[in-house]
Amino acid sequence: MDPVELINPQGLADLIITGDHAGNAVPPEQKNLGLPAAELARHIGWDIGAAGVARRLAGRLGATAVLARVSRLVIDPNRPLGAPESIPAVSDGSPIPGNQNLSAADRAARAARYFHPYHSAIDNQIERLRRAGRVPAVLCMHSFTPRLMHNGRPRPWHIGVMSSFDRDLADYLIAAFSAKDGLVVGDNEPYSGITHGYAQKRHGLAQMLPHAQLEIRQDLIGDEAGQERWADMLADVMTNWMKRGLGEAANG
């Protein structure tokens, strides 16, 4: 199974869209991790709606998107290897039978097959754009459940913007979304980009590129109409960001 889906692999927009939790596929040898299909279809298996928004946004902007096809339950590309949530034994109260008592060799094999190829694909696309004289922003596309089943409180945000130690793109996004009527925008919600967001740090912060992780509430993008609406909104917001970059380069 190819762990990566590439959208517009020759795109020249100053943007890389990533989807760490875009797919919920489980390789046949993993036997669905011992889970019924309904468990893999809910938020523990993937970020519902995120892939649809990412594909549409890439198409609207002529940007490249790199999407992980394999479920986060097999191995999570947005967690450092060795972290407890990298290959979770339990997710939102649900035990994951296929992740119990794994050996170091089992974990290393999953990393080699699914984790490393995904991150290498992102790095390759960043390098391609840099060779073309571009400085791409890294936009990590995620979604979040309105409420966790296990000890969860309602989450009021329509969209959250996660950032760590470089807030340039995050501050721009928060201001742009907050200016739109009726949107409840979270700053480092529903998770903190300081303690979470491994992928944006690896490909954005560590490579000195503008970066942010978007978290859109899943009930807003669970169908195609919602994905279209949010892709339109994001295309408008990110077009203005990229125009700003061109203006700064001209003034420089």
# chains A, B, ... in the order shown; residues from 1 in each chain; ligands from 1
>>> residues_around(residues="Ala58 in chain A", least_positions_apart="2", cutoff="10 Å", atoms="only C-alpha atoms", output="ChimeraX atom specification")
/A:7-8,11,13,15-17,53-56,60-66,231,235
>>> residues_around(residues="range 165-168 of chain A", least_positions_apart="5", cutoff="10 Å", atoms="only C-alpha atoms", output="list in words")
Leu173, Gly193, Ile194, Lys201, Gly204, Leu205, Met208, Leu209, Pro210, His211 and Ala212 of chain A
>>> write_last_selection(atoms="C-alpha atoms", output="compact mmCIF listing (two decimals), in the first residue's frame")
# COMPACT_ATOMS: atom_id res chain seq x y z
CA LEU A 173 -4.85 33.25 9.93
CA GLY A 193 0.96 23.87 19.17
CA ILE A 194 3.64 24.12 21.84
CA LYS A 201 7.47 21.80 13.72
CA GLY A 204 7.88 24.34 9.14
CA LEU A 205 9.72 25.48 12.25
CA MET A 208 12.48 28.09 8.84
CA LEU A 209 9.29 28.18 6.78
CA PRO A 210 5.98 29.89 7.66
CA HIS A 211 3.70 27.25 9.13
CA ALA A 212 0.49 26.58 11.04
>>> select_by_dssp(residues="range 50-233 of chain A", states="strand (DSSP E)", output="MDAnalysis selection string")
chainID A and resid 64:68 90:91 94:95 137:144 159:162 185:187 211:217
>>> write_last_selection(atoms="C-alpha atoms", output="CSV table (one decimal), in the first residue's frame")
chain,number,residue,atom,x,y,z
A,64,THR,CA,0.8,20.7,-3.8
A,65,ALA,CA,-0.8,18.6,-1.1
A,66,VAL,CA,0.8,15.6,0.6
A,67,LEU,CA,-1.7,13.4,2.3
A,68,ALA,CA,-1.2,10.4,4.5
A,90,VAL,CA,-6.2,3.1,23.4
A,91,SER,CA,-7.8,6.1,21.6
A,94,SER,CA,-11.4,2.5,22.7
A,95,PRO,CA,-8.7,-0.2,23.0
A,137,ALA,CA,4.3,28.0,3.7
A,138,VAL,CA,3.4,24.7,5.3
A,139,LEU,CA,-0.3,24.4,6.1
A,140,CYS,CA,-1.2,21.3,8.1
A,141,MET,CA,-4.8,20.4,7.5
A,142,HIS,CA,-6.6,18.7,10.4
A,143,SER,CA,-10.1,18.4,11.9
A,144,PHE,CA,-11.4,17.8,15.4
A,159,ILE,CA,-11.7,26.5,13.6
A,160,GLY,CA,-8.5,26.4,15.6
A,161,VAL,CA,-5.1,27.7,14.6
A,162,MET,CA,-2.2,25.9,16.2
A,185,VAL,CA,-11.7,31.0,16.2
A,186,GLY,CA,-9.4,29.3,18.7
A,187,ASP,CA,-5.8,30.3,19.2
A,211,HIS,CA,3.7,27.3,9.1
A,212,ALA,CA,0.5,26.6,11.0
A,213,GLN,CA,-1.8,23.7,11.8
A,214,LEU,CA,-5.5,24.2,11.1
A,215,GLU,CA,-8.2,22.3,13.0
A,216,ILE,CA,-11.7,22.6,11.5
A,217,ARG,CA,-14.6,21.1,13.5
>>> residues_around(residues="Ser120 in chain A", least_positions_apart="3", cutoff="12 Å", atoms="only C-alpha atoms", output="ChimeraX atom specification")
/A:3-4,66-68,77,111-117,123-127,199,202-203
>>> residues_around(residues="Asn99 in chain A", least_positions_apart="5", cutoff="9 Å", atoms="only C-alpha atoms", output="ChimeraX atom specification")
/A:33-34,73-74,87-90
